$ cat structure.cif   # mmCIF, C-alpha atoms
data_work
loop_
_atom_site.label_atom_id
_atom_site.label_comp_id
_atom_site.auth_asym_id
_atom_site.auth_seq_id
_atom_site.Cartn_x
_atom_site.Cartn_y
_atom_site.Cartn_z
CA MET D 1 -43.60 166.44 59.08
CA PRO D 2 -41.31 165.00 56.37
CA ASN D 3 -37.75 166.21 56.56
CA PRO D 4 -35.93 167.82 53.62
CA ASP D 5 -34.36 164.48 52.67
CA SER D 6 -36.99 163.75 50.03
CA ALA D 7 -37.24 163.23 46.31
CA THR D 8 -39.88 163.12 43.62
CA THR D 9 -39.18 160.80 40.72
CA PRO D 10 -39.90 161.69 37.07
CA VAL D 11 -42.27 158.70 36.93
CA GLY D 12 -45.48 157.97 38.79
CA PHE D 13 -44.45 157.94 42.44
CA SER D 14 -42.73 159.97 45.11
CA ALA D 15 -40.40 158.76 47.85
CA VAL D 16 -39.90 160.74 51.05
CA HIS D 17 -37.39 159.72 53.71
CA ASP D 18 -39.08 160.80 56.94
CA GLY D 19 -36.77 159.88 59.81
CA LYS D 20 -36.71 156.07 59.92
CA VAL D 21 -39.74 155.81 57.65
CA LEU D 22 -39.61 155.76 53.84
CA ARG D 23 -42.96 156.92 52.47
CA VAL D 24 -43.59 155.78 48.91
CA THR D 25 -46.68 157.22 47.22
CA LEU D 26 -48.03 156.38 43.78
CA THR D 27 -48.77 159.71 42.12
CA ASN D 28 -50.89 159.04 39.07
CA PRO D 29 -54.38 159.84 40.45
CA LYS D 30 -55.84 160.71 37.04
CA ARG D 31 -55.30 157.05 36.14
CA LYS D 32 -56.20 155.85 39.66
CA ASN D 33 -52.49 155.17 40.19
CA ALA D 34 -52.15 152.71 37.35
CA VAL D 35 -48.47 151.90 36.84
CA ASP D 36 -46.54 151.82 33.58
CA TYR D 37 -43.28 150.03 32.82
CA ASP D 38 -41.03 152.92 33.85
CA THR D 39 -42.83 153.33 37.16
CA MET D 40 -42.54 149.63 38.01
CA VAL D 41 -38.82 149.64 37.21
CA ALA D 42 -38.19 152.77 39.27
CA LEU D 43 -40.31 151.48 42.17
CA GLY D 44 -38.30 148.27 42.17
CA ASP D 45 -35.11 150.34 42.26
CA ALA D 46 -36.47 152.35 45.20
CA PHE D 47 -37.27 149.26 47.26
CA LEU D 48 -33.91 147.65 46.47
CA ALA D 49 -32.12 150.86 47.48
CA ALA D 50 -34.11 151.07 50.73
CA ALA D 51 -33.11 147.51 51.55
CA GLN D 52 -29.48 148.65 51.64
CA ASP D 53 -30.16 151.82 53.65
CA HIS D 54 -29.85 151.07 57.36
CA SER D 55 -31.41 154.40 58.26
CA VAL D 56 -34.73 153.07 56.90
CA ARG D 57 -36.61 150.83 59.34
CA VAL D 58 -40.03 150.66 57.69
CA ILE D 59 -41.61 151.53 54.34
CA VAL D 60 -45.15 152.86 53.98
CA LEU D 61 -46.60 152.36 50.50
CA THR D 62 -49.80 154.09 49.41
CA GLY D 63 -51.54 155.86 46.54
CA GLU D 64 -52.52 159.48 46.01
CA GLY D 65 -56.05 160.65 45.37
CA GLY D 66 -58.19 157.98 46.99
CA ASP D 67 -57.05 154.80 45.22
CA PHE D 68 -54.13 152.48 45.93
CA CYS D 69 -53.33 151.14 42.44
CA THR D 70 -55.57 149.96 39.61
CA GLY D 71 -52.92 147.82 37.95
CA ALA D 72 -50.96 148.19 34.74
CA ASP D 73 -51.60 151.34 32.72
CA LEU D 74 -53.00 149.93 29.48
CA ALA D 75 -53.17 153.42 28.01
CA ALA D 76 -49.35 153.48 28.06
CA SER D 77 -48.96 150.18 26.22
CA ALA D 78 -48.81 151.57 22.69
CA ALA D 79 -46.14 154.12 23.56
CA GLU D 80 -44.16 151.44 25.39
CA ALA D 81 -44.30 149.14 22.37
CA GLN D 82 -42.96 151.93 20.17
CA ARG D 83 -39.99 152.18 22.54
CA GLY D 84 -39.29 148.47 22.15
CA ILE D 85 -40.67 147.46 25.55
CA THR D 86 -41.98 143.92 25.21
CA SER D 87 -44.58 142.08 27.27
CA ASP D 88 -41.77 139.98 28.78
CA MET D 89 -40.04 143.17 29.93
CA VAL D 90 -43.24 144.43 31.54
CA MET D 91 -43.75 141.11 33.33
CA ASP D 92 -40.12 141.11 34.49
CA ALA D 93 -40.54 144.63 35.88
CA ALA D 94 -43.72 143.66 37.77
CA ASN D 95 -42.15 140.49 39.17
CA ARG D 96 -38.99 142.33 40.20
CA LEU D 97 -41.05 144.94 42.05
CA VAL D 98 -43.14 142.37 43.93
CA LYS D 99 -40.02 140.42 44.88
CA ALA D 100 -38.28 143.60 46.03
CA ILE D 101 -41.20 144.29 48.40
CA VAL D 102 -41.39 140.71 49.69
CA ASP D 103 -37.61 140.32 50.05
CA ALA D 104 -36.94 143.72 51.61
CA PRO D 105 -35.20 143.15 54.98
CA ILE D 106 -37.44 145.79 56.52
CA PRO D 107 -41.20 145.63 57.03
CA VAL D 108 -43.46 147.18 54.41
CA ILE D 109 -46.87 148.60 55.28
CA ALA D 110 -49.47 149.02 52.54
CA ARG D 111 -52.03 151.77 53.16
CA VAL D 112 -55.00 150.96 50.92
CA GLU D 113 -57.79 153.30 49.92
CA GLY D 114 -60.23 152.76 47.09
CA ALA D 115 -59.16 150.22 44.49
CA ALA D 116 -56.32 147.75 44.67
CA ALA D 117 -56.78 146.04 41.31
CA GLY D 118 -54.77 144.04 38.81
CA VAL D 119 -51.09 144.05 39.63
CA GLY D 120 -52.05 146.50 42.40
CA VAL D 121 -53.37 143.47 44.31
CA GLY D 122 -49.97 141.80 44.13
CA ILE D 123 -48.19 145.01 45.13
CA ALA D 124 -50.48 145.50 48.14
CA LEU D 125 -50.36 141.89 49.33
CA ALA D 126 -46.58 141.77 48.96
CA ALA D 127 -46.47 144.10 51.97
CA ASP D 128 -46.14 142.64 55.46
CA LEU D 129 -48.99 144.65 56.94
CA VAL D 130 -51.98 145.83 54.92
CA TYR D 131 -54.24 148.45 56.49
CA ALA D 132 -57.31 149.35 54.46
CA ALA D 133 -60.18 151.81 54.52
CA GLU D 134 -63.54 150.13 54.98
CA ASP D 135 -64.76 151.25 51.53
CA SER D 136 -61.70 149.89 49.69
CA TYR D 137 -61.63 146.65 47.71
CA LEU D 138 -59.47 144.11 45.90
CA LEU D 139 -60.15 143.24 42.27
CA LEU D 140 -58.47 140.66 40.04
CA ALA D 141 -60.23 141.72 36.84
CA PHE D 142 -57.73 140.15 34.43
CA ILE D 143 -60.19 137.54 33.18
CA ASN D 144 -62.50 140.34 32.04
CA ILE D 145 -59.94 141.43 29.44
CA GLY D 146 -58.65 138.00 28.43
CA LEU D 147 -55.69 137.86 30.81
CA MET D 148 -54.67 135.96 33.96
CA PRO D 149 -53.60 137.29 37.38
CA ASP D 150 -50.01 138.42 37.76
CA GLY D 151 -47.87 140.22 40.32
CA GLY D 152 -47.71 137.04 42.40
CA ALA D 153 -51.44 137.17 43.14
CA ALA D 154 -51.86 133.46 42.39
CA ALA D 155 -49.57 132.62 45.29
CA MET D 156 -50.30 135.45 47.71
CA VAL D 157 -54.09 135.31 47.67
CA ALA D 158 -54.06 131.53 48.00
CA ALA D 159 -51.45 131.65 50.78
CA ALA D 160 -53.56 134.01 52.88
CA ALA D 161 -57.13 133.11 51.95
CA GLY D 162 -56.97 129.62 50.44
CA ARG D 163 -57.56 128.20 46.97
CA PRO D 164 -61.37 128.58 46.84
CA LEU D 165 -61.35 132.36 47.32
CA ALA D 166 -58.30 132.76 45.08
CA ALA D 167 -60.15 130.87 42.33
CA GLU D 168 -63.31 132.91 42.83
CA MET D 169 -61.42 136.20 42.59
CA ALA D 170 -59.38 135.10 39.57
CA LEU D 171 -62.08 133.30 37.58
CA LEU D 172 -65.04 135.62 38.20
CA GLY D 173 -63.15 138.93 38.20
CA GLU D 174 -65.42 140.55 40.79
CA ARG D 175 -64.65 143.00 43.60
CA LEU D 176 -63.81 141.70 47.06
CA PRO D 177 -64.86 144.40 49.55
CA ALA D 178 -62.47 145.28 52.37
CA PRO D 179 -64.49 143.62 55.18
CA ALA D 180 -64.54 140.34 53.24
CA ALA D 181 -60.82 140.68 52.48
CA LYS D 182 -60.13 141.15 56.20
CA ALA D 183 -62.28 138.14 57.10
CA ALA D 184 -60.35 136.05 54.56
CA GLY D 185 -56.98 137.09 55.98
CA LEU D 186 -55.91 139.30 53.09
CA PHE D 187 -55.94 142.56 55.07
CA THR D 188 -54.34 143.12 58.47
CA ALA D 189 -57.05 145.53 59.56
CA VAL D 190 -59.94 147.50 58.08
CA VAL D 191 -60.87 150.85 59.60
CA ALA D 192 -62.98 153.90 58.80
CA GLY D 193 -61.32 156.15 56.26
CA ASP D 194 -60.71 158.92 58.76
CA GLU D 195 -58.93 156.46 61.07
CA LEU D 196 -56.63 154.96 58.43
CA ASP D 197 -53.72 157.38 58.80
CA ALA D 198 -53.64 156.98 62.58
CA LYS D 199 -53.62 153.18 62.26
CA VAL D 200 -50.79 153.21 59.73
CA GLU D 201 -48.74 155.77 61.63
CA ALA D 202 -49.01 153.87 64.90
CA ALA D 203 -47.74 150.68 63.26
CA ALA D 204 -44.96 152.51 61.40
CA ALA D 205 -43.78 154.26 64.58
CA LYS D 206 -43.67 151.00 66.54
CA ILE D 207 -41.71 149.21 63.82
CA ALA D 208 -39.35 152.15 63.34
CA ALA D 209 -38.43 151.95 67.03
CA GLY D 210 -37.87 148.19 66.87
CA PRO D 211 -34.75 146.03 66.43
CA ARG D 212 -33.93 145.97 62.72
CA ARG D 213 -32.22 142.58 62.60
CA ALA D 214 -34.94 140.86 64.61
CA LEU D 215 -37.58 142.38 62.33
CA GLU D 216 -35.64 141.19 59.28
CA LEU D 217 -35.30 137.60 60.49
CA THR D 218 -38.92 137.48 61.60
CA LYS D 219 -40.09 138.64 58.19
CA LYS D 220 -37.79 136.14 56.48
CA ALA D 221 -39.18 133.25 58.53
CA LEU D 222 -42.79 134.25 57.91
CA ASN D 223 -42.17 134.47 54.17
CA ALA D 224 -40.44 131.10 54.14
CA ALA D 225 -43.45 129.54 55.86
CA THR D 226 -46.13 131.15 53.70
CA LEU D 227 -44.69 132.23 50.34
CA SER D 228 -42.48 129.30 49.33
CA ALA D 229 -44.49 129.01 46.10
CA LEU D 230 -44.08 132.66 45.10
CA ASP D 231 -41.15 132.21 42.70
CA ALA D 232 -42.91 129.37 40.88
CA ALA D 233 -46.11 131.41 40.67
CA LEU D 234 -44.27 134.43 39.27
CA ALA D 235 -42.62 132.24 36.63
CA ALA D 236 -45.94 130.64 35.65
CA GLU D 237 -47.63 134.04 35.53
CA LYS D 238 -44.91 135.43 33.26
CA THR D 239 -45.18 132.50 30.85
CA GLY D 240 -48.96 132.57 30.71
CA GLN D 241 -49.40 136.33 30.68
CA SER D 242 -46.77 136.83 27.96
CA GLU D 243 -48.79 134.47 25.76
CA LEU D 244 -52.14 136.07 26.61
CA LEU D 245 -50.88 139.61 26.02
CA GLN D 246 -50.39 138.66 22.34
CA SER D 247 -53.81 137.04 21.99
CA PRO D 248 -56.89 138.26 20.08
CA ASP D 249 -58.92 137.94 23.29
CA PHE D 250 -56.70 140.46 25.06
CA PHE D 251 -56.90 142.86 22.12
CA GLU D 252 -60.69 142.58 22.24
CA GLY D 253 -60.82 142.89 26.04
CA ALA D 254 -58.52 145.90 26.19
CA THR D 255 -60.33 147.65 23.33
CA ALA D 256 -63.69 147.01 24.99
CA MET D 257 -62.44 148.36 28.32
CA LEU D 258 -60.97 151.52 26.81
CA THR D 259 -64.13 152.16 24.79
CA LYS D 260 -66.42 151.24 27.71
CA ARG D 261 -68.29 148.38 26.07
CA LYS D 262 -68.73 144.68 26.85
CA PRO D 263 -66.08 142.45 25.24
CA VAL D 264 -67.02 139.66 22.86
CA PHE D 265 -64.41 136.89 23.13
CA ALA D 266 -63.72 134.25 20.48
CA ASP D 267 -65.66 130.98 20.60
#
$ encode --input "structure.cif" --output "structure tokens"
Amino acid sequence: MPNPDSATTPVGFSAVHDGKVLRVTLTNPKRKNAVDYDTMVALGDAFLAAAQDHSVRVIVLTGEGGDFCTGADLAASAAEAQRGITSDMVMDAANRLVKAIVDAPIPVIARVEGAAAGVGVGIALAADLVYAAEDSYLLLAFINIGLMPDGGAAAMVAAAAGRPLAAEMALLGERLPAPAAKAAGLFTAVVAGDELDAKVEAAAAKIAAGPRRALELTKKALNAATLSALDAALAAEKTGQSELLQSPDFFEGATAMLTKRKPVFAD
């Protein structure tokens, strides 16, 4: 059971320090754990703080209510704009969070149920181990609302699964079911939903009992070998997405999504 050393943030996640394990849970189930600007900033802070806490040996990241994360919370965009939060600021917050997960000196385990969509794909794949329920899926649906992938997805999907699948996911905007994601190398393991907790807990316990410095250097070497293009991808995503977020196509796509109709993009 979690010990009393826990905290719930005022934004959309909770963080519980359970022995050597930090359990981070997205807590916006009514929005399928979509993340707004404040949540991404605070999540980035939490991962950066955990990186400096030598009592933490592993982080488990998941979502409440049956979904991992369905991406940026578009319903919060208008309120954010009124507060002076720009698209560049949102992109910076997303990139900082993904980098904080990738660069953390301790392993991160993503526990995926339901949807991992939009920037949720980047957040999940930034983890070192990704354990998923067999009915979960990945979805880069940006193209469907006039946007491009962000959260480092351009680099991380291609690094694990290759350019053809990355292009298919990004250009067609269709779901990739968990078994196909596992076959492509995007998920560490896929198990029945009632076996997911046991799988995650076994991995977390083994890592928590391991040598912290050896785990850190191993992770660093793996990232150097596979994610050398991540910084360039994040920069390209920020430039492109910041442009697209101001475009008529995005306005049309977002309006169509929120009103549940098919978008009609400009010729």
$ atom_distance --input "structure.cif" --atom1 "CA of Ala50 (chain D)" --atom2 "CA of Arg96 (chain D)"
14.5 Å
$ closest_residue --input "structure.cif" --among "D:Gly193, D:Gly185, D:Gly19, D:Gly114" --to "Phe68 (chain D)" --atoms "only C-alpha atoms"
D:Gly114
$ atom_distance --input "structure.cif" --atom1 "CA of Ala76 (chain D)" --atom2 "CA of Leu43 (chain D)"
16.9 Å
$ atom_distance --input "structure.cif" --atom1 "CA of Gly118 (chain D)" --atom2 "CA of Ala34 (chain D)"
9.2 Å
$ closest_residue --input "structure.cif" --among "D:Ala167, D:Met91, D:Ala181, D:Phe13" --to "Leu244 (chain D)" --atoms "all atoms listed in the file"
D:Met91
$ resolve_selection --input "structure.cif" --expression "the PyMOL selection byres ((chain D and resi 92) around 12)" --output "ChimeraX atom specification"
/D:37-38,40-41,44,85-91,93-100,150-152,234-235,237-239,241-242
$ residues_around --input "structure.cif" --residues "Leu140 (chain D)" --least-positions-apart "4" --cutoff "6 Å" --atoms "all atoms listed in the file" --output "list in words"
Ala117, Gly118, Met169, Ala170 and Gly173 of chain D
$ resolve_selection --input "structure.cif" --expression "the PyMOL selection byres ((chain D and resi 129) around 12)" --output "JSON, numbers by chain"
{"D": [58, 59, 60, 61, 101, 102, 106, 107, 108, 109, 110, 111, 112, 123, 124, 125, 126, 127, 128, 130, 131, 132, 182, 185, 186, 187, 188, 189, 190, 199, 200, 203, 204, 207, 219]}
$ residues_near_point --input "structure.cif" --point "(-55.9, 139.9, 32.6)" --cutoff "9 Å" --atoms "only C-alpha atoms" --output "PDB file with C-alpha atoms, in the frame of the given file"
ATOM      1  CA  GLY D 118     -54.770 144.040  38.810  1.00  0.00           C
ATOM      2  CA  LEU D 140     -58.470 140.660  40.040  1.00  0.00           C
ATOM      3  CA  ALA D 141     -60.230 141.720  36.840  1.00  0.00           C
ATOM      4  CA  PHE D 142     -57.730 140.150  34.430  1.00  0.00           C
ATOM      5  CA  ILE D 143     -60.190 137.540  33.180  1.00  0.00           C
ATOM      6  CA  ASN D 144     -62.500 140.340  32.040  1.00  0.00           C
ATOM      7  CA  ILE D 145     -59.940 141.430  29.440  1.00  0.00           C
ATOM      8  CA  GLY D 146     -58.650 138.000  28.430  1.00  0.00           C
ATOM      9  CA  LEU D 147     -55.690 137.860  30.810  1.00  0.00           C
ATOM     10  CA  MET D 148     -54.670 135.960  33.960  1.00  0.00           C
ATOM     11  CA  PRO D 149     -53.600 137.290  37.380  1.00  0.00           C
ATOM     12  CA  ASP D 150     -50.010 138.420  37.760  1.00  0.00           C
ATOM     13  CA  GLN D 241     -49.400 136.330  30.680  1.00  0.00           C
ATOM     14  CA  LEU D 244     -52.140 136.070  26.610  1.00  0.00           C
ATOM     15  CA  LEU D 245     -50.880 139.610  26.020  1.00  0.00           C
ATOM     16  CA  PHE D 250     -56.700 140.460  25.060  1.00  0.00           C
ATOM     17  CA  GLY D 253     -60.820 142.890  26.040  1.00  0.00           C
TER      18      GLY D 253
END
$ closest_residue --input "structure.cif" --among "D:Ala254, D:Ala51, D:Leu138, D:Cys69" --to "Lys30 (chain D)" --atoms "all atoms listed in the file"
D:Cys69
$ residues_near_point --input "structure.cif" --point "(-67.2, 147.2, 45.5)" --cutoff "9 Å" --atoms "all atoms listed in the file" --output "ChimeraX atom specification"
/D:115,135-139,174-178
$ closest_residue --input "structure.cif" --among "D:Ala229, D:Val119, D:Ala104, D:Leu222" --to "Val35 (chain D)" --atoms "only C-alpha atoms"
D:Val119
$ residues_around --input "structure.cif" --residues "Ala159 (chain D)" --least-positions-apart "6" --cutoff "10 Å" --atoms "all atoms listed in the file" --output "PyMOL selection string"
chain D and resi 153+166+185-186+225-230
$ write_last_selection --input "structure.cif" --atoms "C-alpha atoms" --output "PDB file, keeping the file's coordinate frame"
ATOM      1  CA  ALA D 153     -51.440 137.170  43.140  1.00  0.00           C
ATOM      2  CA  ALA D 166     -58.300 132.760  45.080  1.00  0.00           C
ATOM      3  CA  GLY D 185     -56.980 137.090  55.980  1.00  0.00           C
ATOM      4  CA  LEU D 186     -55.910 139.300  53.090  1.00  0.00           C
ATOM      5  CA  ALA D 225     -43.450 129.540  55.860  1.00  0.00           C
ATOM      6  CA  THR D 226     -46.130 131.150  53.700  1.00  0.00           C
ATOM      7  CA  LEU D 227     -44.690 132.230  50.340  1.00  0.00           C
ATOM      8  CA  SER D 228     -42.480 129.300  49.330  1.00  0.00           C
ATOM      9  CA  ALA D 229     -44.490 129.010  46.100  1.00  0.00           C
ATOM     10  CA  LEU D 230     -44.080 132.660  45.100  1.00  0.00           C
TER      11      LEU D 230
END
$ closest_residue --input "structure.cif" --among "D:Thr259, D:Phe251, D:Ala209, D:Ala192" --to "Ser77 (chain D)" --atoms "all atoms listed in the file"
D:Phe251
$ resolve_selection --input "structure.cif" --expression "the PyMOL selection byres ((chain D and resi 28) around 12)" --output "ChimeraX atom specification"
/D:9-14,25-27,29-36,39,62-73
$ closest_residue --input "structure.cif" --among "D:Gly84, D:Pro105, D:Pro248, D:Gly120" --to "Pro211 (chain D)" --atoms "all atoms listed in the file"
D:Pro105
$ build_atoms --input "structure.cif" --residues "region 197-208 of chain D" --atoms "all heavy atoms" --output "mmCIF file, keeping the file's coordinate frame"
data_model
loop_
_atom_site.group_PDB
_atom_site.id
_atom_site.type_symbol
_atom_site.label_atom_id
_atom_site.label_comp_id
_atom_site.auth_asym_id
_atom_site.auth_seq_id
_atom_site.Cartn_x
_atom_site.Cartn_y
_atom_site.Cartn_z
ATOM 1 N N ASP D 197 -55.042 156.803 58.591
ATOM 2 C CA ASP D 197 -53.720 157.380 58.800
ATOM 3 C C ASP D 197 -53.200 157.087 60.202
ATOM 4 O O ASP D 197 -52.025 156.733 60.386
ATOM 5 C CB ASP D 197 -53.745 158.886 58.560
ATOM 6 C CG ASP D 197 -53.781 159.240 57.084
ATOM 7 O OD1 ASP D 197 -53.356 158.397 56.263
ATOM 8 O OD2 ASP D 197 -54.232 160.340 56.750
ATOM 9 N N ALA D 198 -54.063 157.225 61.202
ATOM 10 C CA ALA D 198 -53.640 156.980 62.580
ATOM 11 C C ALA D 198 -53.213 155.520 62.770
ATOM 12 O O ALA D 198 -52.219 155.234 63.452
ATOM 13 C CB ALA D 198 -54.761 157.333 63.550
ATOM 14 N N LYS D 199 -53.956 154.604 62.154
ATOM 15 C CA LYS D 199 -53.620 153.180 62.260
ATOM 16 C C LYS D 199 -52.267 152.890 61.629
ATOM 17 O O LYS D 199 -51.424 152.193 62.219
ATOM 18 C CB LYS D 199 -54.708 152.355 61.562
ATOM 19 C CG LYS D 199 -54.613 150.863 61.788
ATOM 20 C CD LYS D 199 -55.032 150.481 63.182
ATOM 21 C CE LYS D 199 -55.105 148.979 63.360
ATOM 22 N NZ LYS D 199 -55.452 148.603 64.751
ATOM 23 N N VAL D 200 -52.059 153.429 60.438
ATOM 24 C CA VAL D 200 -50.790 153.210 59.730
ATOM 25 C C VAL D 200 -49.631 153.853 60.484
ATOM 26 O O VAL D 200 -48.567 153.236 60.653
ATOM 27 C CB VAL D 200 -50.886 153.770 58.298
ATOM 28 C CG1 VAL D 200 -49.513 153.781 57.630
ATOM 29 C CG2 VAL D 200 -51.867 152.953 57.474
ATOM 30 N N GLU D 201 -49.815 155.064 60.947
ATOM 31 C CA GLU D 201 -48.740 155.770 61.630
ATOM 32 C C GLU D 201 -48.349 155.098 62.935
ATOM 33 O O GLU D 201 -47.170 155.063 63.296
ATOM 34 C CB GLU D 201 -49.132 157.228 61.868
ATOM 35 C CG GLU D 201 -49.225 158.061 60.598
ATOM 36 C CD GLU D 201 -47.973 157.959 59.737
ATOM 37 O OE1 GLU D 201 -46.859 158.190 60.260
ATOM 38 O OE2 GLU D 201 -48.098 157.628 58.548
ATOM 39 N N ALA D 202 -49.319 154.562 63.652
ATOM 40 C CA ALA D 202 -49.010 153.870 64.900
ATOM 41 C C ALA D 202 -48.155 152.631 64.631
ATOM 42 O O ALA D 202 -47.174 152.359 65.346
ATOM 43 C CB ALA D 202 -50.295 153.488 65.625
ATOM 44 N N ALA D 203 -48.515 151.874 63.602
ATOM 45 C CA ALA D 203 -47.740 150.680 63.260
ATOM 46 C C ALA D 203 -46.345 151.058 62.772
ATOM 47 O O ALA D 203 -45.341 150.428 63.159
ATOM 48 C CB ALA D 203 -48.471 149.867 62.200
ATOM 49 N N ALA D 204 -46.260 152.085 61.926
ATOM 50 C CA ALA D 204 -44.960 152.510 61.400
ATOM 51 C C ALA D 204 -44.047 152.983 62.524
ATOM 52 O O ALA D 204 -42.848 152.667 62.545
ATOM 53 C CB ALA D 204 -45.144 153.608 60.365
ATOM 54 N N ALA D 205 -44.587 153.745 63.470
ATOM 55 C CA ALA D 205 -43.780 154.260 64.580
ATOM 56 C C ALA D 205 -43.260 153.116 65.449
ATOM 57 O O ALA D 205 -42.102 153.129 65.889
ATOM 58 C CB ALA D 205 -44.604 155.226 65.415
ATOM 59 N N LYS D 206 -44.107 152.123 65.701
ATOM 60 C CA LYS D 206 -43.670 151.000 66.540
ATOM 61 C C LYS D 206 -42.568 150.198 65.855
ATOM 62 O O LYS D 206 -41.574 149.828 66.483
ATOM 63 C CB LYS D 206 -44.861 150.099 66.863
ATOM 64 C CG LYS D 206 -44.523 148.990 67.847
ATOM 65 C CD LYS D 206 -45.759 148.291 68.388
ATOM 66 C CE LYS D 206 -45.370 147.291 69.469
ATOM 67 N NZ LYS D 206 -46.567 146.642 70.077
ATOM 68 N N ILE D 207 -42.740 149.951 64.555
ATOM 69 C CA ILE D 207 -41.710 149.210 63.820
ATOM 70 C C ILE D 207 -40.429 150.010 63.737
ATOM 71 O O ILE D 207 -39.323 149.467 63.920
ATOM 72 C CB ILE D 207 -42.227 148.839 62.420
ATOM 73 C CG1 ILE D 207 -43.349 147.807 62.526
ATOM 74 C CG2 ILE D 207 -41.088 148.292 61.556
ATOM 75 C CD1 ILE D 207 -44.061 147.542 61.223
ATOM 76 N N ALA D 208 -40.541 151.306 63.469
ATOM 77 C CA ALA D 208 -39.350 152.150 63.340
ATOM 78 C C ALA D 208 -38.514 152.152 64.601
ATOM 79 O O ALA D 208 -37.290 152.328 64.548
ATOM 80 C CB ALA D 208 -39.760 153.571 62.970
#
